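File shown: query_31.cif. Contents: mmCIF, C-alpha atoms.
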data_query
#
loop_
_atom_site.label_atom_id
_atom_site.label_comp_id
_atom_site.auth_asym_id
_atom_site.auth_seq_id
_atom_site.Cartn_x
_atom_site.Cartn_y
_atom_site.Cartn_z
CA MET A 198 -12.52 41.19 -0.97
CA SER A 199 -11.61 37.81 0.42
CA ALA A 200 -11.06 35.35 -2.39
CA GLU A 201 -12.93 32.08 -2.03
CA THR A 202 -11.15 28.97 -3.19
CA LEU A 203 -12.45 25.92 -4.91
CA LYS A 204 -12.14 22.64 -3.05
CA LEU A 205 -11.71 19.59 -5.23
CA THR A 206 -11.61 16.00 -4.08
CA ALA A 207 -11.85 12.63 -5.79
CA PRO A 208 -13.46 10.49 -3.08
CA GLY A 209 -14.09 6.80 -3.59
CA GLU A 210 -13.53 5.31 -7.02
CA ARG A 211 -15.96 7.09 -9.34
CA ALA A 212 -16.63 10.62 -8.11
CA ILE A 213 -15.25 14.11 -8.44
CA VAL A 214 -16.58 16.62 -5.92
CA MET A 215 -16.10 20.38 -6.10
CA THR A 216 -17.21 22.94 -3.54
CA ARG A 217 -17.10 26.72 -3.89
CA VAL A 218 -18.67 29.60 -1.96
CA LEU A 219 -20.17 32.49 -3.95
CA ASP A 220 -21.05 35.89 -2.50
CA ALA A 221 -24.66 35.99 -3.75
CA ALA A 222 -28.14 34.69 -2.93
CA ARG A 223 -28.80 31.21 -4.19
CA SER A 224 -31.71 32.18 -6.44
CA MET A 225 -29.27 34.41 -8.34
CA VAL A 226 -26.60 31.68 -8.40
CA PHE A 227 -29.17 29.14 -9.60
CA ASP A 228 -29.96 31.45 -12.53
CA THR A 229 -26.30 31.58 -13.54
CA PHE A 230 -26.34 27.77 -13.87
CA THR A 231 -29.63 27.53 -15.76
CA LYS A 232 -30.12 30.61 -17.97
CA PRO A 233 -28.22 30.24 -21.27
CA GLU A 234 -27.26 33.93 -21.60
CA LEU A 235 -25.70 33.73 -18.11
CA VAL A 236 -24.09 30.28 -18.46
CA GLN A 237 -22.34 31.51 -21.62
CA ARG A 238 -20.63 34.23 -19.61
CA TRP A 239 -18.67 31.99 -17.25
CA LEU A 240 -18.69 28.24 -18.04
CA LEU A 241 -15.79 28.49 -20.47
CA GLY A 242 -12.97 26.27 -19.20
CA PRO A 243 -9.34 27.05 -20.03
CA PRO A 244 -8.38 30.45 -21.54
CA GLY A 245 -9.14 30.86 -25.24
CA TRP A 246 -12.53 29.17 -25.34
CA SER A 247 -15.99 30.69 -25.83
CA MET A 248 -19.43 29.07 -25.76
CA PRO A 249 -21.35 29.95 -28.95
CA VAL A 250 -24.09 27.36 -28.33
CA CYS A 251 -25.96 27.06 -25.05
CA GLU A 252 -29.45 25.56 -25.08
CA ILE A 253 -31.28 24.70 -21.88
CA ASP A 254 -34.75 23.17 -21.59
CA LEU A 255 -35.14 23.41 -17.83
CA ARG A 256 -37.65 20.71 -16.97
CA VAL A 257 -37.35 17.09 -15.90
CA GLY A 258 -36.73 15.12 -19.07
CA GLY A 259 -35.68 18.30 -20.88
CA SER A 260 -32.25 18.43 -22.43
CA TYR A 261 -29.36 20.87 -22.49
CA ARG A 262 -26.56 21.33 -24.96
CA TYR A 263 -23.28 23.24 -24.75
CA VAL A 264 -20.75 23.79 -27.53
CA TRP A 265 -17.41 25.46 -26.89
CA ARG A 266 -15.17 26.90 -29.57
CA HIS A 267 -11.48 27.69 -29.44
CA GLU A 268 -11.06 31.28 -30.62
CA ARG A 269 -7.66 30.77 -32.25
CA ASP A 270 -7.91 27.47 -34.14
CA GLY A 271 -11.69 27.03 -34.36
CA ARG A 272 -11.75 23.64 -32.65
CA THR A 273 -15.13 22.83 -31.12
CA MET A 274 -16.17 20.60 -28.26
CA GLY A 275 -19.75 19.73 -27.40
CA MET A 276 -21.58 18.09 -24.57
CA GLY A 277 -25.13 17.65 -23.41
CA GLY A 278 -27.54 15.65 -21.36
CA VAL A 279 -30.98 15.41 -19.83
CA TYR A 280 -32.31 16.91 -16.58
CA ARG A 281 -33.40 14.24 -14.14
CA GLU A 282 -34.27 16.33 -11.11
CA ILE A 283 -34.90 20.07 -10.68
CA VAL A 284 -35.59 21.74 -7.34
CA VAL A 285 -35.49 25.52 -7.85
CA PRO A 286 -33.20 27.01 -6.50
CA ALA A 287 -31.67 24.17 -4.47
CA ARG A 288 -30.74 21.21 -6.61
CA LEU A 289 -30.09 20.06 -10.17
CA VAL A 290 -29.40 16.51 -11.34
CA SER A 291 -28.56 15.79 -14.97
CA THR A 292 -26.80 13.29 -17.18
CA GLU A 293 -23.73 14.47 -19.03
CA GLU A 294 -22.02 13.10 -22.10
CA PHE A 295 -19.42 14.62 -24.42
CA ASP A 296 -19.75 14.40 -28.22
CA GLU A 297 -16.29 12.95 -28.46
CA ALA A 298 -16.33 10.18 -25.91
CA TRP A 299 -13.10 10.92 -24.08
CA TYR A 300 -14.37 8.99 -21.12
CA PRO A 301 -16.56 5.87 -21.28
CA GLY A 302 -20.27 6.06 -20.53
CA GLU A 303 -22.64 8.73 -19.34
CA ALA A 304 -21.89 10.57 -16.11
CA ILE A 305 -24.41 11.89 -13.58
CA GLY A 306 -23.93 15.44 -12.34
CA THR A 307 -25.54 16.73 -9.14
CA ILE A 308 -25.36 20.39 -8.17
CA VAL A 309 -26.53 21.47 -4.72
CA PHE A 310 -27.00 25.15 -3.81
CA GLU A 311 -27.06 26.04 -0.10
CA GLU A 312 -27.48 29.59 1.18
CA LYS A 313 -26.15 30.87 4.50
CA ARG A 314 -26.10 34.55 5.49
CA GLY A 315 -26.40 35.72 1.93
CA LYS A 316 -23.65 33.47 0.58
CA THR A 317 -24.21 30.39 -1.48
CA THR A 318 -22.19 27.19 -1.31
CA VAL A 319 -22.24 25.25 -4.55
CA THR A 320 -21.38 21.55 -4.37
CA GLN A 321 -20.93 19.82 -7.70
CA THR A 322 -20.62 16.04 -7.74
CA VAL A 323 -19.98 14.10 -10.92
CA LEU A 324 -20.36 10.35 -10.71
CA TYR A 325 -18.72 8.44 -13.55
CA VAL A 326 -19.49 4.89 -14.66
CA SER A 327 -16.11 3.56 -13.58
CA ARG A 328 -12.85 4.43 -11.93
CA GLU A 329 -11.18 4.44 -15.37
CA ALA A 330 -13.66 7.07 -16.59
CA ARG A 331 -13.19 9.28 -13.52
CA ASP A 332 -9.40 9.07 -13.65
CA GLY A 333 -9.48 9.74 -17.39
CA VAL A 334 -11.25 13.03 -16.71
CA LEU A 335 -8.73 14.01 -14.06
CA LYS A 336 -5.90 13.20 -16.45
CA SER A 337 -7.35 15.15 -19.35
CA GLY A 338 -5.51 18.11 -20.75
CA VAL A 339 -2.49 18.11 -18.55
CA GLU A 340 -0.23 19.61 -21.20
CA SER A 341 0.99 22.44 -19.00
CA GLY A 342 3.20 21.44 -16.13
CA VAL A 343 1.60 22.83 -13.04
CA SER A 344 3.95 22.22 -10.19
CA ALA A 345 2.44 20.31 -7.32
CA SER A 346 2.88 21.56 -3.83
CA TYR A 347 2.99 19.41 -0.78
CA ASP A 348 0.63 21.78 1.00
CA ARG A 349 -2.04 20.96 -1.55
CA LEU A 350 -1.32 17.28 -1.12
CA ALA A 351 -1.65 17.47 2.66
CA GLU A 352 -4.91 19.36 2.23
CA LEU A 353 -6.17 16.79 -0.23
CA LEU A 354 -5.28 13.88 2.02
CA ALA A 355 -6.84 15.61 5.03
CA ALA A 356 -10.04 16.39 3.14
CA THR A 357 -10.46 12.88 1.80
CA THR A 358 -9.44 11.21 5.07
CA SER A 359 -12.00 13.14 7.09
CA GLY A 360 -14.73 11.77 4.87
CA GLY A 361 -14.92 14.23 2.06
CA VAL A 362 -15.70 17.88 1.73
CA LYS A 363 -15.62 20.12 4.75
CA MET B 158 1.44 4.89 -21.24
CA GLN B 159 3.47 3.73 -18.31
CA ALA B 160 2.95 7.04 -16.55
CA ASN B 161 -0.81 6.61 -16.99
CA ASP B 162 -0.74 3.07 -15.59
CA HIS B 163 1.07 4.40 -12.55
CA LEU B 164 -1.49 7.12 -12.14
CA ASP B 165 -4.36 4.63 -12.23
CA ALA B 166 -2.60 2.59 -9.56
CA THR B 167 -2.09 5.74 -7.50
CA PHE B 168 -5.74 6.80 -7.65
CA ALA B 169 -6.86 3.22 -6.90
CA ALA B 170 -4.54 3.06 -3.89
CA LEU B 171 -5.82 6.44 -2.67
CA ALA B 172 -9.47 5.36 -2.93
CA ASP B 173 -9.30 3.60 0.44
CA PRO B 174 -9.49 5.60 3.72
CA THR B 175 -7.15 3.27 5.66
CA ARG B 176 -4.50 3.58 2.95
CA ARG B 177 -4.85 7.37 2.96
CA ALA B 178 -4.42 7.34 6.73
CA ILE B 179 -1.30 5.16 6.39
CA LEU B 180 0.14 7.65 3.89
CA ALA B 181 -0.71 10.57 6.16
CA ARG B 182 1.14 8.78 8.98
CA LEU B 183 4.16 8.03 6.75
CA ALA B 184 4.25 11.67 5.66
CA THR B 185 5.46 12.41 9.20
CA GLY B 186 8.28 9.84 9.01
CA GLN B 187 9.01 6.17 8.33
CA ALA B 188 7.41 3.47 10.47
CA SER B 189 7.38 -0.31 10.90
CA VAL B 190 4.31 -2.44 10.19
CA ALA B 191 3.71 -2.81 13.94
CA GLU B 192 3.87 0.96 14.42
CA LEU B 193 1.51 1.50 11.52
CA ALA B 194 -0.99 -1.06 12.83
CA GLU B 195 -1.12 0.55 16.28
CA PRO B 196 -3.56 3.43 15.67
CA PHE B 197 -5.93 1.24 13.64
CA ALA B 198 -8.24 -1.43 14.98
CA MET B 199 -6.58 -3.82 12.56
CA SER B 200 -4.28 -6.80 12.62
CA GLN B 201 -0.76 -6.55 11.23
CA PRO B 202 -1.64 -8.89 8.32
CA ALA B 203 -4.53 -6.58 7.40
CA ILE B 204 -2.19 -3.58 7.44
CA SER B 205 0.38 -5.56 5.43
CA LYS B 206 -2.28 -6.14 2.77
CA HIS B 207 -2.90 -2.40 2.46
CA LEU B 208 0.86 -1.78 2.40
CA LYS B 209 1.20 -4.21 -0.48
CA VAL B 210 -1.29 -2.18 -2.54
CA LEU B 211 0.59 1.01 -1.66
CA GLU B 212 3.93 -0.61 -2.57
CA ARG B 213 2.60 -1.84 -5.90
CA ALA B 214 1.45 1.71 -6.65
CA GLY B 215 4.96 2.90 -5.84
CA LEU B 216 3.64 5.07 -3.02
CA VAL B 217 5.53 3.27 -0.26
CA SER B 218 8.95 1.61 -0.15
CA ARG B 219 10.89 -0.40 2.42
CA GLY B 220 13.82 0.99 4.33
CA ARG B 221 17.23 -0.66 4.75
CA ASP B 222 16.93 -1.86 8.34
CA ALA B 223 16.50 -5.62 7.83
CA GLN B 224 14.74 -6.24 11.14
CA ARG B 225 12.20 -3.44 11.32
CA ARG B 226 11.70 -3.13 7.58
CA PRO B 227 10.38 0.38 8.06
CA ARG B 228 8.04 1.68 5.37
CA ARG B 229 8.47 5.14 3.99
CA LEU B 230 6.53 7.44 1.73
CA GLU B 231 7.61 7.77 -1.90
CA PRO B 232 6.57 11.29 -2.82
CA ARG B 233 6.82 11.08 -6.62
CA PRO B 234 3.55 9.30 -7.60
CA LEU B 235 1.59 11.39 -5.12
CA ALA B 236 3.03 14.54 -6.62
CA ASP B 237 1.95 13.30 -10.07
CA ALA B 238 -1.60 12.58 -8.87
CA THR B 239 -1.77 15.95 -7.15
CA ARG B 240 -0.69 17.65 -10.37
CA TRP B 241 -3.60 16.10 -12.29
CA LEU B 242 -6.05 17.23 -9.63
CA GLU B 243 -4.51 20.69 -9.47
CA ARG B 244 -4.71 21.18 -13.22
CA TYR B 245 -8.40 20.22 -13.22
CA ARG B 246 -9.06 22.41 -10.19
CA ARG B 247 -7.48 25.43 -11.86
CA ILE B 248 -9.74 25.16 -14.90
CA TRP B 249 -12.76 25.19 -12.62
CA GLU B 250 -11.34 27.94 -10.44
CA GLY B 251 -11.16 30.04 -13.63
CA ASN B 252 -14.84 29.32 -14.29
CA TYR B 253 -15.79 30.32 -10.77
CA GLN B 254 -13.77 33.54 -10.90
CA ARG B 255 -15.70 34.56 -14.00
CA LEU B 256 -18.88 33.64 -12.14
CA ASP B 257 -17.84 35.89 -9.20
CA ALA B 258 -17.51 38.80 -11.63
CA LEU B 259 -20.83 38.03 -13.30
CA LEU B 260 -22.67 37.84 -9.95
CA ASN B 261 -21.15 41.16 -8.89
CA GLU B 262 -22.35 42.72 -12.10
CA MET B 263 -25.84 41.28 -11.59
CA LYS B 264 -25.95 42.64 -8.02
CA THR B 265 -24.92 46.18 -8.98
CA LYS B 266 -27.28 46.30 -11.93
CA GLY B 267 -30.16 45.08 -9.82
CA PRO B 268 -32.69 42.38 -10.54
CA ASN B 269 -33.44 43.66 -14.02
CA PRO B 270 -30.05 43.90 -15.77
CA GLY B 271 -31.68 44.41 -19.17
CA GLY B 272 -32.98 47.81 -18.05
CA GLY B 273 -36.68 47.11 -18.49
CA ARG B 274 -38.73 45.47 -21.14
#
Would you write out, as structure tokens, the structure that this file holds?
Amino acid sequence: MSAETLKLTAPGERAIVMTRVLDAARSMVFDTFTKPELVQRWLLGPPGWSMPVCEIDLRVGGSYRYVWRHERDGRTMGMGGVYREIVVPARLVSTEEFDEAWYPGEAIGTIVFEEKRGKTTVTQTVLYVSREARDGVLKSGVESGVSASYDRLAELLAATTSGGVK
Amino acid sequence: MQANDHLDATFAALADPTRRAILARLATGQASVAELAEPFAMSQPAISKHLKVLERAGLVSRGRDAQRRPRRLEPRPLADATRWLERYRRIWEGNYQRLDALLNEMKTKGPNPGGGR
């Protein structure tokens, strides 16, 4: 199986954009982003975390709430927000805010699902209130020294120079 | 704290497409202001302004040649910024790999993974 890779760019001052191709129909992919029992299976972040709480009220004005728990030391981290726009199975727009405000203000997340020949491209855009907030997110949790490669840098510069995500 | 200030300056400098293009050009070798201005529909003073932002962010430095004052890329802050992005990307890549596995499972089990009501 050919492994798909995640493209990440930080265009402009306030946004983070991620694009990933998934080998499944978009109605199925949409479910994995909106049904709690499915979201809990994959949206877990770094190793060692589980998601004991996942509540989703999928309607405009409805809210969602996620709580993660670190298996070893019991730390928890929660976030939630309100759905602003729902187009099944093509588009989701919601606010997002963490319980512990590690970045200022409320961010707006937009997820677009596009299907082509049975594969679905997911584009996630998070727009923060300020450059400081966006950069704070990028700088979060950098305790492990991941070595940077110049190939990645060239790719990043190329992607952002050509006006964003390919 | 100082490292964070530098990072903010790096991301701010990278937010502009002309400055990213200048860096991409300097990644292939040092160049004078006149050489840098050439491919852009911009005056040398306009390019100099962008270079000043890049210099303040530590992304570009000036070479020894007193007449040409060639600019060159300083790789360190860019490597730092790339590391932040890479770390964040890896966390999400982990999420998406779990999602790949989940979707595969859903496909093999069919549309009714619970096995009926």
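Closest approach to Ala330 of chain A among A:Asp254, A:Glu303, A:Glu234, A:Glu201: A:Glu303, based on only C-alpha atoms.
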Check every residue of chain B for an atom within 10 Å of chain A, counting only C-alpha atoms, and provide those that qualify as a ChimeraX atom specification. /B:161,164-165,168-178,180-181,184,232,235-261,263-264,268
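Taken over the whole file, the PyMOL selection byres ((chain A and resi 284-295) around 7) covers exactly Arg223, Ser224, Phe227, Gly275, Met276, Gly277, Gly278, Val279, Tyr280, Arg281, Glu282, Ile283, Asp296, Glu297, Ala298, Glu303, Ala304, Ile305, Gly306, Thr307, Ile308, Val309, Phe310 and Glu311 of chain A.
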Take the selection from the previous step and output its residues with C-alpha atoms, as a PDB file, in the coordinates of the input.
ATOM      1  CA  ARG A 223     -28.800  31.210  -4.190  1.00  0.00           C
ATOM      2  CA  SER A 224     -31.710  32.180  -6.440  1.00  0.00           C
ATOM      3  CA  PHE A 227     -29.170  29.140  -9.600  1.00  0.00           C
ATOM      4  CA  GLY A 275     -19.750  19.730 -27.400  1.00  0.00           C
ATOM      5  CA  MET A 276     -21.580  18.090 -24.570  1.00  0.00           C
ATOM      6  CA  GLY A 277     -25.130  17.650 -23.410  1.00  0.00           C
ATOM      7  CA  GLY A 278     -27.540  15.650 -21.360  1.00  0.00           C
ATOM      8  CA  VAL A 279     -30.980  15.410 -19.830  1.00  0.00           C
ATOM      9  CA  TYR A 280     -32.310  16.910 -16.580  1.00  0.00           C
ATOM     10  CA  ARG A 281     -33.400  14.240 -14.140  1.00  0.00           C
ATOM     11  CA  GLU A 282     -34.270  16.330 -11.110  1.00  0.00           C
ATOM     12  CA  ILE A 283     -34.900  20.070 -10.680  1.00  0.00           C
ATOM     13  CA  ASP A 296     -19.750  14.400 -28.220  1.00  0.00           C
ATOM     14  CA  GLU A 297     -16.290  12.950 -28.460  1.00  0.00           C
ATOM     15  CA  ALA A 298     -16.330  10.180 -25.910  1.00  0.00           C
ATOM     16  CA  GLU A 303     -22.640   8.730 -19.340  1.00  0.00           C
ATOM     17  CA  ALA A 304     -21.890  10.570 -16.110  1.00  0.00           C
ATOM     18  CA  ILE A 305     -24.410  11.890 -13.580  1.00  0.00           C
ATOM     19  CA  GLY A 306     -23.930  15.440 -12.340  1.00  0.00           C
ATOM     20  CA  THR A 307     -25.540  16.730  -9.140  1.00  0.00           C
ATOM     21  CA  ILE A 308     -25.360  20.390  -8.170  1.00  0.00           C
ATOM     22  CA  VAL A 309     -26.530  21.470  -4.720  1.00  0.00           C
ATOM     23  CA  PHE A 310     -27.000  25.150  -3.810  1.00  0.00           C
ATOM     24  CA  GLU A 311     -27.060  26.040  -0.100  1.00  0.00           C
TER      25      GLU A 311
END
Give as a PyMOL selection string the residues that the PyMOL selection byres ((chain B and resi 213) around 12) matches when applied to the coordinates above. chain B and resi 162-167+169-170+206-212+214-219+231+234
Residues from the last selection, C-alpha atoms, saved as an mmCIF file, in the coordinates of the input:
data_model
loop_
_atom_site.group_PDB
_atom_site.id
_atom_site.type_symbol
_atom_site.label_atom_id
_atom_site.label_comp_id
_atom_site.auth_asym_id
_atom_site.auth_seq_id
_atom_site.Cartn_x
_atom_site.Cartn_y
_atom_site.Cartn_z
ATOM 1 C CA ASP B 162 -0.740 3.070 -15.590
ATOM 2 C CA HIS B 163 1.070 4.400 -12.550
ATOM 3 C CA LEU B 164 -1.490 7.120 -12.140
ATOM 4 C CA ASP B 165 -4.360 4.630 -12.230
ATOM 5 C CA ALA B 166 -2.600 2.590 -9.560
ATOM 6 C CA THR B 167 -2.090 5.740 -7.500
ATOM 7 C CA ALA B 169 -6.860 3.220 -6.900
ATOM 8 C CA ALA B 170 -4.540 3.060 -3.890
ATOM 9 C CA LYS B 206 -2.280 -6.140 2.770
ATOM 10 C CA HIS B 207 -2.900 -2.400 2.460
ATOM 11 C CA LEU B 208 0.860 -1.780 2.400
ATOM 12 C CA LYS B 209 1.200 -4.210 -0.480
ATOM 13 C CA VAL B 210 -1.290 -2.180 -2.540
ATOM 14 C CA LEU B 211 0.590 1.010 -1.660
ATOM 15 C CA GLU B 212 3.930 -0.610 -2.570
ATOM 16 C CA ALA B 214 1.450 1.710 -6.650
ATOM 17 C CA GLY B 215 4.960 2.900 -5.840
ATOM 18 C CA LEU B 216 3.640 5.070 -3.020
ATOM 19 C CA VAL B 217 5.530 3.270 -0.260
ATOM 20 C CA SER B 218 8.950 1.610 -0.150
ATOM 21 C CA ARG B 219 10.890 -0.400 2.420
ATOM 22 C CA GLU B 231 7.610 7.770 -1.900
ATOM 23 C CA PRO B 234 3.550 9.300 -7.600
#
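Close contacts of Gln187 of chain B, defined as residues with an atom at most 12 Å away when counting all atoms listed in the file, with chain neighbours fewer than 4 positions off set aside, comprise Ile179, Leu180, Ala181, Arg182, Leu183, Ala191, Glu192, Leu193, Val217, Ser218, Arg219, Gly220, Arg221, Asp222, Arg225, Arg226, Pro227, Arg228, Arg229, Leu230 and Glu231 of chain B.
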Can you tell me how far atom CA of Pro249 of chain A sits from atom CA of Thr320 of chain A, in Å to one decimal? 26.0 Å
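Atom pair atom CA of Met248 of chain A / atom CA of Thr317 of chain A: separated by 24.8 Å.
Put simply, atom CA of Thr273 of chain A is 18.0 Å away from atom CA of Pro233 of chain A.
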Is it possible to dump segment 191-255 of chain B as an mmCIF file, in the first residue's frame, including just C-alpha atoms?
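And here's selection03.cif as it stands now:
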data_model
loop_
_atom_site.group_PDB
_atom_site.id
_atom_site.type_symbol
_atom_site.label_atom_id
_atom_site.label_comp_id
_atom_site.auth_asym_id
_atom_site.auth_seq_id
_atom_site.Cartn_x
_atom_site.Cartn_y
_atom_site.Cartn_z
ATOM 1 C CA ALA B 191 20.581 44.065 -7.527
ATOM 2 C CA GLU B 192 20.629 40.358 -8.371
ATOM 3 C CA LEU B 193 17.819 39.692 -5.932
ATOM 4 C CA ALA B 194 15.685 42.531 -7.328
ATOM 5 C CA GLU B 195 16.014 41.278 -10.905
ATOM 6 C CA PRO B 196 13.366 38.520 -10.982
ATOM 7 C CA PHE B 197 10.823 40.656 -9.107
ATOM 8 C CA ALA B 198 8.889 43.592 -10.490
ATOM 9 C CA MET B 199 10.267 45.623 -7.605
ATOM 10 C CA SER B 200 12.702 48.433 -7.003
ATOM 11 C CA GLN B 201 15.940 47.816 -5.135
ATOM 12 C CA PRO B 202 14.738 49.911 -2.156
ATOM 13 C CA ALA B 203 11.622 47.719 -1.929
ATOM 14 C CA ILE B 204 13.788 44.594 -1.940
ATOM 15 C CA SER B 205 16.112 46.190 0.632
ATOM 16 C CA LYS B 206 13.103 46.682 2.911
ATOM 17 C CA HIS B 207 12.253 42.982 2.719
ATOM 18 C CA LEU B 208 15.913 42.105 3.281
ATOM 19 C CA LYS B 209 15.926 44.220 6.428
ATOM 20 C CA VAL B 210 13.039 42.163 7.858
ATOM 21 C CA LEU B 211 14.874 38.960 6.934
ATOM 22 C CA GLU B 212 18.105 40.257 8.501
ATOM 23 C CA ARG B 213 16.336 41.242 11.704
ATOM 24 C CA ALA B 214 14.907 37.722 11.898
ATOM 25 C CA GLY B 215 18.431 36.384 11.495
ATOM 26 C CA LEU B 216 17.460 34.588 8.291
ATOM 27 C CA VAL B 217 19.847 36.520 6.056
ATOM 28 C CA SER B 218 23.326 37.949 6.645
ATOM 29 C CA ARG B 219 25.743 40.067 4.626
ATOM 30 C CA GLY B 220 28.861 38.679 3.039
ATOM 31 C CA ARG B 221 32.375 40.133 3.317
ATOM 32 C CA ASP B 222 32.696 41.690 -0.137
ATOM 33 C CA ALA B 223 32.392 45.409 0.703
ATOM 34 C CA GLN B 224 31.198 46.466 -2.742
ATOM 35 C CA ARG B 225 28.583 43.872 -3.598
ATOM 36 C CA ARG B 226 27.488 43.233 -0.038
ATOM 37 C CA PRO B 227 26.076 39.876 -1.079
ATOM 38 C CA ARG B 228 23.290 38.484 1.076
ATOM 39 C CA ARG B 229 23.321 34.879 2.128
ATOM 40 C CA LEU B 230 20.938 32.505 3.806
ATOM 41 C CA GLU B 231 21.419 31.757 7.500
ATOM 42 C CA PRO B 232 20.061 28.237 7.879
ATOM 43 C CA ARG B 233 19.732 28.058 11.667
ATOM 44 C CA PRO B 234 16.441 29.954 12.334
ATOM 45 C CA LEU B 235 14.790 28.246 9.374
ATOM 46 C CA ALA B 236 15.816 24.878 10.732
ATOM 47 C CA ASP B 237 14.270 25.838 14.094
ATOM 48 C CA ALA B 238 10.996 26.910 12.458
ATOM 49 C CA THR B 239 10.922 23.740 10.382
ATOM 50 C CA ARG B 240 11.400 21.669 13.523
ATOM 51 C CA TRP B 241 8.313 23.216 15.137
ATOM 52 C CA LEU B 242 6.249 22.520 12.035
ATOM 53 C CA GLU B 243 7.622 18.996 11.740
ATOM 54 C CA ARG B 244 6.805 18.158 15.344
ATOM 55 C CA TYR B 245 3.218 19.358 14.890
ATOM 56 C CA ARG B 246 2.930 17.521 11.579
ATOM 57 C CA ARG B 247 4.074 14.248 13.137
ATOM 58 C CA ILE B 248 1.386 14.371 15.812
ATOM 59 C CA TRP B 249 -1.247 14.770 13.123
ATOM 60 C CA GLU B 250 0.356 12.160 10.899
ATOM 61 C CA GLY B 251 -0.072 9.752 13.838
ATOM 62 C CA ASN B 252 -3.767 10.647 14.010
ATOM 63 C CA TYR B 253 -4.201 10.060 10.294
ATOM 64 C CA GLN B 254 -2.395 6.715 10.382
ATOM 65 C CA ARG B 255 -4.835 5.530 13.032
#
